[in-house]
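Participant: Next comes the structure file coords22.cif, holding mmCIF, C-alpha atoms.
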data_my_file
#
loop_
_atom_site.label_atom_id
_atom_site.label_comp_id
_atom_site.auth_asym_id
_atom_site.auth_seq_id
_atom_site.Cartn_x
_atom_site.Cartn_y
_atom_site.Cartn_z
CA MET A 1 0.00 0.00 0.00
CA ASN A 2 1.46 3.33 -1.07
CA LEU A 3 0.88 5.75 1.83
CA SER A 4 1.97 8.73 -0.26
CA ASN A 5 -1.10 8.19 -2.46
CA MET A 6 -3.37 8.17 0.60
CA PHE A 7 -1.97 11.29 2.29
CA GLN A 8 -1.10 13.40 -0.74
CA GLY A 9 -1.21 16.73 1.10
CA ILE A 10 1.76 15.55 3.17
CA ALA A 11 3.47 13.54 0.40
CA THR A 12 3.59 16.55 -1.92
CA PHE A 13 5.82 18.34 0.62
CA PHE A 14 8.57 15.79 -0.04
CA VAL A 15 8.25 15.76 -3.80
CA GLU A 16 8.19 19.47 -4.65
CA GLU A 17 11.15 21.88 -4.56
CA PRO A 18 12.36 22.81 -1.05
CA ALA A 19 11.60 26.52 -1.61
CA VAL A 20 7.98 25.77 -2.52
CA ALA A 21 7.59 23.35 0.39
CA LEU A 22 8.99 25.91 2.87
CA LEU A 23 6.76 28.67 1.51
CA ARG A 24 3.73 26.35 1.74
CA ALA A 25 4.48 25.66 5.41
CA PHE A 26 4.99 29.37 6.08
CA LEU A 27 1.72 30.31 4.39
CA ILE A 28 -0.20 27.67 6.35
CA LEU A 29 1.06 29.19 9.59
CA LEU A 30 0.56 32.75 8.31
CA GLY A 31 -3.04 31.92 7.43
CA ILE A 32 -3.68 30.68 10.97
CA LEU A 33 -2.02 33.82 12.34
CA LEU A 34 -4.20 36.09 10.17
CA VAL A 35 -7.34 34.35 11.50
CA TYR A 36 -6.09 34.93 15.04
CA LEU A 37 -5.23 38.61 14.43
CA GLY A 38 -8.56 39.13 12.65
CA SER A 39 -10.50 37.58 15.53
CA LYS A 40 -8.68 39.89 17.99
CA GLY A 41 -9.48 42.98 15.86
CA THR A 42 -5.81 43.87 15.26
CA LEU A 43 -6.39 43.44 11.52
CA GLU A 44 -9.68 43.91 9.65
CA PRO A 45 -11.64 40.78 10.63
CA LEU A 46 -14.09 40.91 7.70
CA ILE A 47 -11.21 40.25 5.31
CA MET A 48 -8.64 38.46 7.47
CA ILE A 49 -10.75 35.60 8.80
CA PRO A 50 -11.87 34.20 5.43
CA MET A 51 -8.50 35.10 3.94
CA GLY A 52 -6.50 33.33 6.64
CA PHE A 53 -8.73 30.26 6.37
CA GLY A 54 -8.38 30.16 2.60
CA MET A 55 -4.60 30.63 2.80
CA SER A 56 -4.02 27.77 5.20
CA ALA A 57 -6.48 25.45 3.39
CA VAL A 58 -5.15 25.97 -0.14
CA ASN A 59 -1.55 25.41 0.93
CA SER A 60 -2.52 22.25 2.84
CA GLY A 61 -4.75 20.74 0.16
CA VAL A 62 -2.14 20.16 -2.55
CA LEU A 63 -2.43 16.86 -4.45
CA PHE A 64 -1.07 15.03 -7.52
CA LEU A 65 -3.29 16.12 -10.42
CA SER A 66 -1.31 13.94 -12.82
CA GLU A 67 2.03 12.13 -12.85
CA ASN A 68 4.11 15.25 -13.23
CA LYS A 69 1.81 17.95 -12.00
CA MET A 70 0.69 19.06 -8.55
CA GLY A 71 -2.11 21.47 -7.78
CA THR A 72 -5.31 22.02 -5.82
CA LEU A 73 -9.04 21.65 -6.36
CA PHE A 74 -9.65 25.26 -5.32
CA MET A 75 -8.83 27.29 -8.43
CA ASP A 76 -6.13 28.09 -10.99
CA PRO A 77 -5.77 31.86 -11.38
CA LEU A 78 -3.12 31.58 -14.08
CA GLU A 79 -5.20 29.58 -16.58
CA THR A 80 -6.17 31.84 -19.48
CA THR A 81 -6.95 29.57 -22.47
CA THR A 82 -10.65 29.09 -23.17
CA GLU A 83 -10.47 25.30 -23.28
CA GLY A 84 -8.40 25.13 -20.11
CA LEU A 85 -10.83 27.45 -18.32
CA MET A 86 -13.88 25.43 -19.38
CA ASN A 87 -12.22 22.30 -17.95
CA ILE A 88 -11.24 23.90 -14.66
CA LEU A 89 -14.63 25.58 -14.22
CA GLN A 90 -16.14 22.11 -13.91
CA ILE A 91 -13.54 20.82 -11.47
CA ASP A 92 -12.23 23.59 -9.19
CA PHE A 93 -15.04 24.72 -6.89
CA LEU A 94 -13.96 28.37 -6.49
CA GLN A 95 -12.96 28.86 -10.15
CA PRO A 96 -16.41 30.21 -11.22
CA ILE A 97 -16.26 32.87 -8.52
CA TYR A 98 -12.70 33.86 -9.43
CA THR A 99 -13.27 33.90 -13.22
CA PHE A 100 -16.70 35.56 -13.25
CA THR A 101 -16.43 38.04 -10.36
CA PHE A 102 -12.80 38.61 -9.30
CA SER A 103 -10.70 38.78 -12.44
CA ASN A 104 -13.13 41.08 -14.23
CA GLY A 105 -13.52 43.50 -11.29
CA LEU A 106 -17.22 42.75 -10.63
CA ILE A 107 -16.64 41.94 -6.98
CA ALA A 108 -14.77 45.23 -6.52
CA CYS A 109 -17.67 47.18 -8.05
CA ILE A 110 -20.16 45.44 -5.75
CA VAL A 111 -18.02 46.40 -2.75
CA PHE A 112 -18.01 50.01 -4.01
CA MET A 113 -21.79 49.96 -4.36
CA GLY A 114 -22.06 48.80 -0.76
CA ILE A 115 -19.68 51.52 0.38
CA GLY A 116 -21.82 54.10 -1.43
CA VAL A 117 -24.89 52.92 0.47
CA ILE A 118 -23.23 53.40 3.87
CA THR A 119 -21.46 56.72 3.07
CA ASP A 120 -22.75 60.24 3.73
CA ILE A 121 -21.33 62.62 1.11
CA GLY A 122 -22.48 65.74 2.97
CA TYR A 123 -19.01 66.88 4.05
CA LEU A 124 -17.60 66.27 0.57
CA ILE A 125 -20.25 68.56 -0.92
CA ALA A 126 -19.76 71.21 1.78
CA TYR A 127 -15.92 71.25 1.77
CA PRO A 128 -14.72 69.91 -1.60
CA PHE A 129 -11.48 71.93 -1.71
CA THR A 130 -10.19 70.72 1.66
CA SER A 131 -11.12 67.11 0.87
CA MET A 132 -9.56 67.18 -2.61
CA PHE A 133 -6.42 68.89 -1.34
CA ILE A 134 -5.81 66.23 1.30
CA ALA A 135 -6.62 63.45 -1.17
CA MET A 136 -4.02 64.72 -3.66
CA PHE A 137 -1.35 64.81 -0.94
CA ALA A 138 -2.28 61.23 -0.08
CA GLU A 139 -1.37 60.21 -3.65
CA LEU A 140 2.30 60.75 -2.83
CA GLY A 141 2.91 57.00 -2.93
CA THR A 142 1.31 56.74 -6.37
CA VAL A 143 3.79 59.29 -7.72
CA LEU A 144 7.00 58.42 -5.85
CA THR A 145 6.81 54.65 -6.37
CA PHE A 146 6.88 54.92 -10.18
CA PRO A 147 10.54 55.99 -10.56
CA ILE A 148 11.60 53.51 -7.89
CA ALA A 149 9.84 50.65 -9.70
CA ARG A 150 11.41 51.69 -13.02
CA LEU A 151 14.87 51.75 -11.46
CA LEU A 152 14.24 48.21 -10.17
CA GLY A 153 13.67 46.98 -13.71
CA PHE A 154 9.91 47.15 -14.21
CA THR A 155 8.45 48.47 -17.47
CA ASN A 156 6.41 51.72 -17.54
CA GLY A 157 3.14 49.76 -17.49
CA GLU A 158 4.23 47.49 -14.63
CA ALA A 159 5.58 50.45 -12.63
CA ALA A 160 2.30 52.33 -13.06
CA ALA A 161 0.25 49.29 -12.00
CA VAL A 162 2.39 48.89 -8.85
CA SER A 163 2.30 52.64 -8.12
CA ILE A 164 -1.50 52.69 -8.12
CA ILE A 165 -1.30 50.50 -5.00
CA GLY A 166 -0.40 53.80 -3.29
CA GLY A 167 -3.88 55.05 -4.20
CA ALA A 168 -5.17 52.32 -1.85
CA ASP A 169 -8.06 51.45 -4.13
CA GLY A 170 -8.23 47.73 -4.73
CA PRO A 171 -10.58 48.01 -7.73
CA MET A 172 -8.38 50.67 -9.35
CA VAL A 173 -5.33 48.43 -8.95
CA LEU A 174 -7.26 45.60 -10.63
CA PHE A 175 -8.17 47.80 -13.59
CA THR A 176 -4.72 49.31 -14.01
CA SER A 177 -2.92 45.99 -13.89
CA LEU A 178 -5.40 44.48 -16.37
CA LYS A 179 -4.78 47.40 -18.74
CA LEU A 180 -1.06 48.00 -18.36
CA ALA A 181 0.49 44.85 -16.87
CA PRO A 182 -1.74 41.80 -17.42
CA ASN A 183 1.24 39.47 -16.86
CA LEU A 184 1.50 40.73 -13.28
CA PHE A 185 -2.24 40.89 -12.60
CA VAL A 186 -2.35 38.10 -10.02
CA PRO A 187 0.69 39.07 -7.89
CA ILE A 188 -0.11 42.81 -8.00
CA THR A 189 -3.71 42.18 -6.96
CA ILE A 190 -2.71 39.93 -4.09
CA VAL A 191 -0.13 42.43 -2.84
CA ALA A 192 -2.55 45.36 -3.19
CA TYR A 193 -5.41 43.79 -1.29
CA LEU A 194 -3.11 42.30 1.35
CA TYR A 195 -1.62 45.69 2.10
CA LEU A 196 -5.00 47.40 2.09
CA SER A 197 -6.01 45.12 4.92
CA LEU A 198 -2.75 45.78 6.74
CA THR A 199 -3.34 49.59 6.68
CA TYR A 200 -5.84 48.93 9.48
CA GLY A 201 -3.01 47.58 11.62
CA GLY A 202 -0.11 49.80 10.46
CA TYR A 203 -1.47 53.30 9.95
CA PRO A 204 -2.31 53.95 13.63
CA TYR A 205 1.42 53.64 14.41
CA LEU A 206 2.28 56.03 11.58
CA ILE A 207 -0.21 58.56 12.96
CA ARG A 208 1.25 58.32 16.47
CA LEU A 209 4.78 58.65 15.09
CA LEU A 210 4.12 61.76 13.02
CA ILE A 211 1.44 63.62 14.99
CA PRO A 212 1.90 64.56 18.68
CA LYS A 213 -0.94 63.78 21.07
CA ASP A 214 -2.03 67.40 21.58
CA LEU A 215 -2.59 67.80 17.85
CA ARG A 216 -4.35 64.43 17.60
CA ALA A 217 -6.78 65.67 20.26
CA ILE A 218 -7.94 68.74 18.32
CA ALA A 219 -11.71 69.04 18.00
CA VAL A 220 -12.52 70.84 14.74
CA LYS A 221 -14.87 73.83 15.08
CA THR A 222 -16.93 74.61 11.98
CA SER A 223 -18.16 78.19 11.66
CA LYS A 224 -21.29 77.30 9.69
CA THR A 225 -23.47 74.23 9.70
CA HIS A 226 -24.23 72.73 6.34
CA ASN A 227 -27.58 71.11 6.22
CA ILE A 228 -27.53 69.32 2.89
CA LYS A 229 -30.83 67.63 2.22
CA PRO A 230 -31.15 64.07 0.85
CA LYS A 231 -32.76 65.43 -2.35
CA GLU A 232 -29.72 67.64 -2.99
CA LYS A 233 -27.37 64.71 -2.38
CA LEU A 234 -29.40 62.52 -4.77
CA ILE A 235 -29.32 65.07 -7.60
CA PHE A 236 -25.65 65.67 -6.91
CA ALA A 237 -24.89 61.93 -7.12
CA VAL A 238 -26.66 61.59 -10.48
CA VAL A 239 -24.99 64.61 -12.07
CA ILE A 240 -21.46 64.09 -10.70
CA ASN A 241 -21.57 60.43 -11.71
CA THR A 242 -22.39 61.40 -15.30
CA VAL A 243 -19.68 64.06 -15.39
CA LEU A 244 -16.96 61.85 -13.87
CA CYS A 245 -17.81 58.96 -16.22
CA LEU A 246 -17.55 61.36 -19.15
CA ILE A 247 -14.17 62.63 -17.98
CA PHE A 248 -12.71 59.31 -16.73
CA PRO A 249 -14.32 56.40 -18.60
CA VAL A 250 -11.49 54.16 -17.34
CA ALA A 251 -13.00 54.39 -13.87
CA ALA A 252 -16.66 54.54 -15.01
CA PRO A 253 -17.61 51.14 -13.50
CA LEU A 254 -16.33 52.27 -10.10
CA PHE A 255 -17.94 55.73 -10.19
CA PHE A 256 -21.20 54.19 -11.37
CA SER A 257 -21.17 51.57 -8.58
CA PHE A 258 -20.28 54.08 -5.86
CA PHE A 259 -22.74 56.82 -6.82
CA LEU A 260 -25.51 54.32 -7.47
CA GLY A 261 -25.07 53.25 -3.84
CA ILE A 262 -25.23 56.91 -2.77
CA ALA A 263 -28.36 57.49 -4.88
CA ILE A 264 -30.11 54.45 -3.37
CA ARG A 265 -29.24 55.64 0.14
CA GLU A 266 -30.46 59.20 -0.45
CA SER A 267 -33.64 58.12 -2.26
CA GLY A 268 -34.69 56.23 0.85
CA ILE A 269 -35.49 52.89 -0.82
CA THR A 270 -34.91 50.91 2.36
CA GLN A 271 -35.39 47.50 0.71
CA TYR A 272 -32.51 48.21 -1.70
CA VAL A 273 -30.42 49.72 1.07
CA GLN A 274 -30.81 46.56 3.14
CA LEU A 275 -30.18 44.31 0.11
CA ILE A 276 -26.98 46.08 -0.87
CA GLU A 277 -25.67 46.69 2.64
CA ASN A 278 -26.45 43.28 4.10
CA VAL A 279 -26.31 40.89 1.16
CA PHE A 280 -24.13 42.49 -1.53
CA LEU A 281 -21.56 44.27 0.60
CA TYR A 282 -20.97 41.59 3.18
CA GLY A 283 -21.24 38.81 0.60
CA ALA A 284 -18.72 40.49 -1.70
CA THR A 285 -16.38 41.29 1.21
CA PHE A 286 -16.54 37.66 2.35
CA PHE A 287 -15.70 36.25 -1.08
CA LEU A 288 -13.03 38.89 -1.62
CA GLY A 289 -11.25 37.77 1.57
CA LEU A 290 -11.68 34.12 0.62
CA MET A 291 -10.34 34.65 -2.91
CA LEU A 292 -7.32 36.51 -1.60
CA GLY A 293 -6.49 33.72 0.80
CA VAL A 294 -6.86 31.04 -1.86
CA LEU A 295 -4.71 33.08 -4.27
CA CYS A 296 -1.86 32.93 -1.77
CA GLU A 297 -0.82 29.48 -2.90
CA ALA A 298 2.92 28.91 -2.72
CA SER A 299 3.43 28.06 -6.40
CA THR A 300 1.43 31.15 -7.51
CA LEU A 301 3.37 33.50 -5.25
CA LEU A 302 6.77 32.15 -6.34
CA ASN A 303 6.83 34.54 -9.24
CA PRO A 304 10.36 36.04 -9.39
CA LYS A 305 9.03 39.58 -9.20
CA ILE A 306 6.76 39.02 -6.17
CA LEU A 307 9.35 40.04 -3.57
CA LEU A 308 9.94 43.32 -5.35
CA LEU A 309 6.16 43.86 -5.59
CA LEU A 310 5.80 43.27 -1.86
CA ILE A 311 8.47 45.88 -1.08
CA LEU A 312 7.10 48.37 -3.60
CA GLY A 313 3.52 47.91 -2.38
CA MET A 314 4.63 48.57 1.18
CA LEU A 315 6.59 51.65 0.10
CA ALA A 316 3.68 53.00 -1.95
CA LEU A 317 1.24 52.81 0.96
CA LEU A 318 3.82 54.18 3.41
CA PHE A 319 4.51 57.21 1.20
CA SER A 320 0.79 57.75 0.68
CA GLY A 321 0.17 57.67 4.44
CA ILE A 322 2.98 60.17 5.02
CA GLY A 323 1.67 62.35 2.18
CA GLY A 324 -1.85 62.32 3.60
CA ILE A 325 -0.63 63.36 7.04
CA LEU A 326 1.48 66.08 5.42
CA GLY A 327 -1.66 67.32 3.66
CA GLY A 328 -3.42 67.31 7.03
CA TYR A 329 -0.66 69.47 8.48
CA VAL A 330 -0.87 71.94 5.58
CA VAL A 331 -4.62 72.35 6.07
CA TYR A 332 -4.01 72.66 9.85
CA PHE A 333 -1.76 75.69 9.26
CA LEU A 334 -3.91 77.17 6.48
CA ASN A 335 -6.99 76.97 8.74
CA ASN A 336 -5.27 78.76 11.65
CA LYS A 337 -4.80 75.50 13.55
CA ASN A 338 -8.54 74.73 13.44
CA PHE A 339 -8.11 71.32 11.82
CA ASN A 340 -7.01 67.92 13.05
CA PRO A 341 -3.99 66.68 11.01
CA VAL A 342 -5.04 63.05 11.66
CA ILE A 343 -7.81 63.57 9.09
CA GLY A 344 -5.06 63.62 6.47
CA ILE A 345 -4.63 59.82 6.72
CA ALA A 346 -8.18 59.44 5.42
CA GLY A 347 -7.03 60.88 2.10
CA VAL A 348 -5.60 57.41 1.49
CA SER A 349 -8.75 56.05 -0.05
CA CYS A 350 -9.18 52.71 1.65
CA VAL A 351 -12.90 53.46 2.16
CA PRO A 352 -14.01 53.46 4.96
CA THR A 353 -11.04 51.84 6.76
CA THR A 354 -8.75 54.88 6.89
CA ALA A 355 -11.62 57.16 7.95
CA LYS A 356 -12.35 54.74 10.79
CA VAL A 357 -8.64 54.62 11.70
CA ALA A 358 -8.57 58.45 11.84
CA GLN A 359 -11.65 58.58 14.07
CA LYS A 360 -10.29 55.83 16.34
CA GLU A 361 -6.94 57.56 16.87
CA VAL A 362 -8.55 60.96 17.49
CA HIS A 363 -11.04 59.42 19.92
CA LYS A 364 -8.16 57.80 21.89
CA ALA A 365 -6.55 61.25 22.32
CA ASN A 366 -9.80 63.14 22.98
CA LYS A 367 -13.12 61.41 23.62
CA ASN A 368 -15.01 64.59 22.67
CA SER A 369 -13.55 64.98 19.20
CA PHE A 370 -15.47 63.58 16.22
CA VAL A 371 -13.78 63.78 12.83
CA LEU A 372 -15.46 60.94 10.94
CA GLN A 373 -17.52 63.16 8.64
CA TYR A 374 -14.45 65.21 7.62
CA ALA A 375 -12.44 62.01 7.19
CA LEU A 376 -15.11 60.49 4.93
CA GLY A 377 -15.00 63.57 2.71
CA ALA A 378 -11.27 63.09 2.20
CA ASN A 379 -11.81 59.31 1.80
CA ILE A 380 -14.25 59.76 -1.07
CA CYS A 381 -12.11 62.41 -2.74
CA GLY A 382 -9.28 59.90 -2.51
CA VAL A 383 -11.27 57.63 -4.82
CA ILE A 384 -11.67 60.49 -7.28
CA THR A 385 -7.98 61.45 -7.19
CA THR A 386 -6.90 57.81 -7.62
CA ALA A 387 -9.19 57.60 -10.64
CA ILE A 388 -7.64 60.81 -12.00
CA LEU A 389 -4.12 59.43 -11.58
CA THR A 390 -5.13 56.04 -13.01
CA GLY A 391 -6.53 57.73 -16.10
CA LEU A 392 -3.41 59.90 -16.43
CA TYR A 393 -1.02 56.94 -16.13
CA ILE A 394 -2.97 54.92 -18.71
CA THR A 395 -3.14 57.88 -21.10
CA LEU A 396 0.52 58.88 -20.74
CA ILE A 397 1.90 55.34 -20.99
CA SER A 398 -0.35 54.27 -23.87
CA VAL A 399 0.88 57.13 -26.08
CA ARG A 400 4.58 56.33 -25.56
CA MET B 1 14.11 64.29 -19.10
CA PRO B 2 13.92 60.48 -18.65
CA ASP B 3 10.51 58.78 -18.73
CA TYR B 4 10.66 57.63 -15.12
CA ILE B 5 10.78 61.27 -13.94
CA ALA B 6 8.70 62.93 -16.68
CA ILE B 7 5.69 60.61 -16.34
CA PRO B 8 5.14 60.93 -12.56
CA LEU B 9 5.75 64.69 -12.72
CA GLN B 10 3.10 65.06 -15.41
CA VAL B 11 0.74 62.82 -13.42
CA LEU B 12 1.29 64.98 -10.32
CA GLY B 13 0.90 68.29 -12.14
CA TRP B 14 -2.17 67.37 -14.15
CA GLY B 15 -3.56 65.55 -11.13
CA PHE B 16 -3.54 68.73 -9.05
CA VAL B 17 -5.07 70.80 -11.87
CA ILE B 18 -7.88 68.30 -12.56
CA SER B 19 -8.59 67.82 -8.83
CA LEU B 20 -8.95 71.59 -8.43
CA LEU B 21 -11.34 71.71 -11.37
CA ILE B 22 -13.40 68.84 -9.90
CA ALA B 23 -13.57 70.70 -6.58
CA PHE B 24 -14.87 73.80 -8.41
CA LEU B 25 -17.32 71.57 -10.25
CA ILE B 26 -18.64 70.10 -6.98
CA LYS B 27 -19.02 73.55 -5.43
CA GLY B 28 -20.71 74.97 -8.53
CA LEU B 29 -22.99 71.96 -8.90
CA HIS B 30 -24.10 72.21 -5.30
CA ALA B 31 -24.87 75.91 -5.71
CA VAL B 32 -26.97 75.19 -8.81
CA ILE B 33 -28.84 72.31 -7.15
CA ARG B 34 -29.50 74.43 -4.06
CA TYR B 35 -30.81 77.29 -6.22
CA PHE B 36 -33.19 75.05 -8.17
CA THR B 37 -34.49 73.19 -5.12
CA LYS B 38 -35.16 76.56 -3.42
CA GLU B 39 -36.99 77.75 -6.57
CA GLU B 40 -39.08 74.60 -6.54
CA LYS B 41 -40.01 75.16 -2.89
CA LYS B 42 -40.97 78.78 -3.64
CA ASN B 43 -43.23 77.69 -6.53
CA VAL B 44 -44.88 75.02 -4.39
CA ALA B 45 -45.46 77.53 -1.55
CA GLU B 46 -47.09 80.01 -4.01
#
How does the structure come out when it is put into structure tokens?
Facilitator:
Amino acid sequence: MNLSNMFQGIATFFVEEPAVALLRAFLILLGILLVYLGSKGTLEPLIMIPMGFGMSAVNSGVLFLSENKMGTLFMDPLETTTEGLMNILQIDFLQPIYTFTFSNGLIACIVFMGIGVITDIGYLIAYPFTSMFIAMFAELGTVLTFPIARLLGFTNGEAAAVSIIGGADGPMVLFTSLKLAPNLFVPITIVAYLYLSLTYGGYPYLIRLLIPKDLRAIAVKTSKTHNIKPKEKLIFAVVINTVLCLIFPVAAPLFFSFFLGIAIRESGITQYVQLIENVFLYGATFFLGLMLGVLCEASTLLNPKILLLLILGMLALLFSGIGGILGGYVVYFLNNKNFNPVIGIAGVSCVPTTAKVAQKEVHKANKNSFVLQYALGANICGVITTAILTGLYITLISVR
Amino acid sequence: MPDYIAIPLQVLGWGFVISLLIAFLIKGLHAVIRYFTKEEKKNVAE
């Protein structure tokens, strides 16, 4: 009796290359760690728990698909031929979800629709200049990472796709890498989403490092109250969506999804609000986390460029965080110190994570200070500025 | 100027310009919407 045929998950460890086997073991443990950190709230639990589970399962469940080939029954993200896809769609149980919702950006658009439904755009409408200003500063990573990536040997298209990670918009990264660097689509997407989840854990430390406690405790005083009615927000959503789609068709699916969510919220159709918020948003977030975990299979990640992408992704988000806080400081001085610089971090458009991080850090310094509405304004403008930069990169690189 | 400097500089420059224009657009749009919704209310009241 051949025991290696009975316990293939273990047997494959001894047959594959040592580097792959070691990485598999590491990813199994990392997956378990992510579940633990997610359950404690250190990292975003909505993403980390399904992601950690998927990561440990896919790296455990490796088997002999044929005499010379090993793989899993989860999915194959690198299969692109039509015939190959049709075969795998009938065998790998998560392949339909990956092929029909993840790789074409549908799942990202559904998440954006859900975010639109839970977001109040009142502050954005009332203070567009402040929000846009901060959001542009928070694109520092998107700009600075490009020359660094080029110097490390990436092409213009690949460097642009990696740089957009600094915009902290998962869907935008998906679109840019599909357009400009399809050969790096899988590793860039994994790195981008992984780091977006880690901003929840890392940015609070950046805030505490760069902003002293007395400034973090500032409660912003607004001289006039802006009472923007739901009808105004609804009309605004319809018109601005049309205009932005006209100007930036590259990001039209995202703008459409986001402002549709806003329109549904402001029109008061509670059945749709509940459908999108409870079913679509949480369902999409769940499968997004799961897909990310399952994508972290050792043989997929052992792409020679992945280490560089990991470093560049980290740099991009670090620079963007620093840029956002810098923008917060500039507004603080321009507004005669009547502004909390922590709001600047929300210019990094991981909606609504960075806005929540800003509010949490401010609340720890001063329980009477509420900055969430200002932070959400910068958050949403961050989406717009990332779309602007995405469109510019695609335009400038396509003509060269 | 090499590509790896020219491209991000252009992205940054045009990015700021377009963002400013979008901010003006948002402000202007809100003013227009507020004007027309006030007009509608006035007509309804009459």
Participant: Have a look at A:Ile384, A:Val111, A:Leu124, A:Ala237 and name the one nearest to B:Ser19; count all atoms listed in the file.
Facilitator: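 The shortest atom-to-atom distance to B:Ser19 comes from A:Ile384.
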Participant: Dump as a tab-separated table the rows for residues of chain B within 8 Å of chain A: closest atom pair and distance in Å with one decimal, all atoms listed in the file counted, ordered by chain and rising residue number.
Facilitator:
residue	atom	partner	partner_atom	distance
B:Tyr4	CA	A:Pro147	CA	4.8
B:Ile5	CA	A:Pro147	CA	6.3
B:Ile7	CA	A:Leu396	CA	7.0
B:Pro8	CA	A:Val143	CA	5.3
B:Leu9	CA	A:Val143	CA	7.6
B:Val11	CA	A:Leu392	CA	5.9
B:Leu12	CA	A:Val143	CA	6.7
B:Trp14	CA	A:Leu392	CA	7.9
B:Gly15	CA	A:Leu389	CA	6.2
B:Phe16	CA	A:Met136	CA	6.7
B:Ile18	CA	A:Ile388	CA	7.5
B:Ser19	CA	A:Met132	CA	6.3
B:Leu20	CA	A:Phe129	CA	7.2
B:Ala23	CA	A:Pro128	CA	5.2
B:Phe24	CA	A:Phe129	CA	7.7
B:Ile26	CA	A:Ile125	CA	6.5
B:Lys27	CA	A:Pro128	CA	6.8
B:Leu29	CA	A:Phe236	CA	7.1
B:His30	CA	A:Ile125	CA	6.9
B:Ile33	CA	A:Glu232	CA	6.3
B:Arg34	CA	A:Glu232	CA	6.9
B:Thr37	CA	A:Glu232	CA	7.6
Participant: Name all residues at most 12 Å from A:Lys337 (count only C-alpha atoms; drop same-chain ones fewer than 2 positions away) and give them as a PyMOL selection string.
Facilitator: chain A and resi 214-216+218-221+328-335+339-341
Participant: Name the closest residue to A:Ile165 among the candidates A:Leu312, A:Cys245, A:Ile343, A:Val250; distances are taken between atoms, counting only C-alpha atoms.
Facilitator: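 Selected residue with least distance to A:Ile165: A:Leu312.
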Participant: Could you write out as a list in words the residues that the PyMOL selection byres ((chain A and resi 161) around 8) matches in the shown file?
Facilitator: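 Taken over the shown coordinates, the PyMOL selection byres ((chain A and resi 161) around 8) returns Gly157, Glu158, Ala159, Ala160, Val162, Ser163, Ile164, Ile165, Val173, Thr176, Ser177, Leu180, Ala181 and Ile188 of chain A.
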Participant: At a cut-off of 9 Å, using only C-alpha atoms, what residues contact stretch 11-14 of chain A? Leave out same-chain residues fewer than 3 positions from it and give the result as a list in words.
Facilitator: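 That gives Leu3, Ser4, Asn5, Met6, Phe7, Gln8, Glu17, Pro18, Val20, Ala21, Leu22, Arg24, Ala25, Val62, Leu63, Phe64 and Met70 of chain A.
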Participant: Using all atoms listed in the file, which protein or nucleic acid residues come within 8 Å of stretch 352-366 of chain A? Drop anything in the same chain fewer than 2 positions from it, and give the result as a ChimeraX atom specification.
Facilitator: /A:115,199-200,203-204,207,213-214,216-219,342-343,345-350,368-372,375-376,379
Participant: Skipping near chain neighbours, those fewer than 2 positions away, what residues fall within 12 Å of stretch 79-94 of chain A using only C-alpha atoms, listed as a VMD selection string?
Facilitator: chain A and resid 54 58 65 71 to 77 96 to 103 182 to 183 186 287 to 288 290 to 295 300
Participant: Work out how far apart atom CA of A:Ile121 and atom CA of A:Phe280 are and give it in Å to one decimal.
Facilitator: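 Atom-to-atom, atom CA of A:Ile121 and atom CA of A:Phe280 are spaced 20.5 Å apart.
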Participant: Any idea what's packed within 7 Å of stretch 251-265 of chain A, counting all atoms listed in the file, ignoring anything in its chain fewer than 6 positions away? Could you give it as a list in words?
Facilitator: Cys109, Ile110, Phe112, Met113, Gly114, Ile115, Gly116, Val117, Thr119, Leu234, Ala237, Asn241, Cys245, Tyr272, Val273 and Ala387 of chain A
Participant: Pull out every residue that the PyMOL selection byres ((chain A and resi 34) around 10) matches in the shown coordinates and put them as a list in words.
Facilitator: Leu29, Leu30, Gly31, Ile32, Leu33, Val35, Tyr36, Leu37, Gly38, Ser39, Lys40, Thr42, Leu43, Glu44, Pro45, Ile47, Met48, Ile49, Pro50, Met51, Gly52, Phe53, Met55, Ser56 and Gly293 of chain A
Participant: Suppose you want the space between atom CA of A:Gly344 and atom CA of A:Leu326; what is it in Å?
Facilitator: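 It comes out at 7.1 Å.
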Participant: Here is a test: counting only C-alpha atoms, which residue of A:Gly153, A:Leu78, A:Glu277, A:Asn68 is nearest to A:Phe185?
Facilitator: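 The closest residue to A:Phe185 is A:Leu78.
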Participant: Can you tell me how far atom CA of A:Phe175 sits from atom CA of B:Pro2, in Å to one decimal?
Facilitator: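 These atoms are spaced 26.0 Å apart.
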Participant: Select, from A:Pro187, A:Gly268, A:Gly382, A:Gly327, the residue with the minimum atom-to-atom distance to A:Leu307, counting only C-alpha atoms.
Facilitator: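 Smallest separation from A:Leu307 among the options: A:Pro187.
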Participant: So for stretch 11-18 of chain B, what box centre and size do we get, axis-aligned, 4 Å extra on each of the six sides, every listed atom, Å to one decimal, as JSON?
Facilitator:
{"center_x": -3.3, "center_y": 66.8, "center_z": -11.6, "size_x": 17.2, "size_y": 16.0, "size_z": 13.1}
